[in-house]
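Colleague: A single structure is presented below for examination.
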Amino acid sequence: MRQSLLNSRNRHASHPVNAMLNYAYGVLESQVRTVAVTSGLDPTIGYLHACRPGRAALAYDLMEPLRSQVDHMVLDLVRSHTFSSSDFILMNRGVCRLHSQLARQVTGLTASDTAVWEVVLRFTEMLNGNRPRS
């Protein structure tokens, strides 16, 4: 489980790479949630992640097959980019956030719309009792 150095949860990144991953996962969650709702699914009723008020459990479930793609893209950015201190904002409690310019760049590193639709369509096929396409 990912944990912050600041607390026992995986929120509030204390390292710039984790801040980029958190931001990219947030964008991916938005993509998956949008496609799930468009497909007629309730993004709050999941099967892997706990269903709690205000939590998009199904969106988190459907993100899992796409996380490695996002991880790969963020790590490629880390390898190929020279960062400066102005790329990040360090908050009073040690929380690391992305500067808006870097956030825009990280937003472009998300999974393709095609990949997101494919994951949601496979899930809907399974719900309908059909064997998912390979």
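All residue names refer to the structure tokens as shown: chains lettered A, B, ... in order, residues numbered from 1 in each chain, ligands numbered from 1 in order.
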Need the shell around range 56-62 of chain A: protein/DNA/RNA residues with any atom at most 12 Å away, counting only C-alpha atoms. Skip same-chain ones fewer than 2 positions apart. Format as a PyMOL selection string?

Modeller: chain A and resi 25-37+41-54+64-67+115-124

Colleague: Using C-alpha atoms, can you export the residues from the last selection as a PDB file, in the first residue's frame?

Modeller:
ATOM      1  CA  TYR A  25      -4.410   9.193 -10.863  1.00  0.00           C
ATOM      2  CA  GLY A  26      -6.873  12.011 -10.160  1.00  0.00           C
ATOM      3  CA  VAL A  27      -7.105  12.756 -13.879  1.00  0.00           C
ATOM      4  CA  LEU A  28      -7.503   9.045 -14.631  1.00  0.00           C
ATOM      5  CA  GLU A  29     -10.275   8.789 -12.034  1.00  0.00           C
ATOM      6  CA  SER A  30     -12.122  11.625 -13.742  1.00  0.00           C
ATOM      7  CA  GLN A  31     -11.756   9.939 -17.139  1.00  0.00           C
ATOM      8  CA  VAL A  32     -12.980   6.581 -15.837  1.00  0.00           C
ATOM      9  CA  ARG A  33     -15.849   8.095 -13.875  1.00  0.00           C
ATOM     10  CA  THR A  34     -17.048  10.027 -16.937  1.00  0.00           C
ATOM     11  CA  VAL A  35     -16.985   6.948 -19.169  1.00  0.00           C
ATOM     12  CA  ALA A  36     -18.667   4.806 -16.479  1.00  0.00           C
ATOM     13  CA  VAL A  37     -21.529   7.281 -16.070  1.00  0.00           C
ATOM     14  CA  LEU A  41     -22.883   2.550 -14.580  1.00  0.00           C
ATOM     15  CA  ASP A  42     -23.002   3.890 -11.037  1.00  0.00           C
ATOM     16  CA  PRO A  43     -19.386   4.830 -10.225  1.00  0.00           C
ATOM     17  CA  THR A  44     -20.014   4.520  -6.478  1.00  0.00           C
ATOM     18  CA  ILE A  45     -20.846   0.797  -6.421  1.00  0.00           C
ATOM     19  CA  GLY A  46     -17.566  -1.088  -6.598  1.00  0.00           C
ATOM     20  CA  TYR A  47     -16.446  -4.625  -5.998  1.00  0.00           C
ATOM     21  CA  LEU A  48     -12.747  -4.230  -5.050  1.00  0.00           C
ATOM     22  CA  HIS A  49     -12.759  -0.882  -3.278  1.00  0.00           C
ATOM     23  CA  ALA A  50     -15.013  -0.174  -0.316  1.00  0.00           C
ATOM     24  CA  CYS A  51     -18.338   1.504  -1.023  1.00  0.00           C
ATOM     25  CA  ARG A  52     -18.603   4.570   1.203  1.00  0.00           C
ATOM     26  CA  PRO A  53     -20.522   7.827   0.809  1.00  0.00           C
ATOM     27  CA  GLY A  54     -18.726  10.168  -1.566  1.00  0.00           C
ATOM     28  CA  GLU A  64      -6.641  -0.616 -11.764  1.00  0.00           C
ATOM     29  CA  PRO A  65      -5.904  -2.062 -15.232  1.00  0.00           C
ATOM     30  CA  LEU A  66      -4.818   1.421 -16.382  1.00  0.00           C
ATOM     31  CA  ARG A  67      -2.600   2.404 -13.434  1.00  0.00           C
ATOM     32  CA  ALA A 115      -8.067   2.437 -23.343  1.00  0.00           C
ATOM     33  CA  VAL A 116     -10.537   3.794 -20.780  1.00  0.00           C
ATOM     34  CA  TRP A 117     -13.523   2.887 -22.954  1.00  0.00           C
ATOM     35  CA  GLU A 118     -12.103  -0.608 -23.514  1.00  0.00           C
ATOM     36  CA  VAL A 119     -11.849  -1.264 -19.760  1.00  0.00           C
ATOM     37  CA  VAL A 120     -15.394  -0.037 -19.126  1.00  0.00           C
ATOM     38  CA  LEU A 121     -16.811  -2.010 -22.074  1.00  0.00           C
ATOM     39  CA  ARG A 122     -15.131  -5.216 -20.873  1.00  0.00           C
ATOM     40  CA  PHE A 123     -16.605  -4.660 -17.426  1.00  0.00           C
ATOM     41  CA  THR A 124     -20.104  -4.088 -18.842  1.00  0.00           C
TER      42      THR A 124
END

Colleague: Among range 22-108 of chain A, which residues carry a DSSP assignment of alpha helix (DSSP H), reported as a PyMOL selection string?

Modeller: chain A and resi 22-38+57-80+100-107

Colleague: Name the residues of range 7-133 of chain A that fall into strand (DSSP E or B) according to DSSP on the backbone, using the chain letters and numbers of this document, as a list in words.

Modeller: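 Filtering range 7-133 of chain A to strand (DSSP E or B) leaves Phe88, Ile89, Leu90, Cys96, Arg97 and Leu98 of chain A.
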
Colleague: How would the residues just picked look written out with C-alpha atoms as a short mmCIF file (atom, residue, chain, number, x, y, z; two decimals), in the first residue's frame?

Modeller:
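In the end it all went to again_25.cif:
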data_model
loop_
_atom_site.label_atom_id
_atom_site.label_comp_id
_atom_site.auth_asym_id
_atom_site.auth_seq_id
_atom_site.Cartn_x
_atom_site.Cartn_y
_atom_site.Cartn_z
CA PHE A 88 6.47 22.04 -7.06
CA ILE A 89 4.82 23.81 -4.16
CA LEU A 90 5.74 22.64 -0.68
CA CYS A 96 4.04 18.47 -2.02
CA ARG A 97 1.81 19.85 -4.79
CA LEU A 98 2.39 20.47 -8.50
#

Colleague: So, counting only C-alpha atoms, which residue among A:Leu75, A:Met20, A:Met63, A:Met126 is closest to Leu102 in chain A?

Modeller: A:Met20
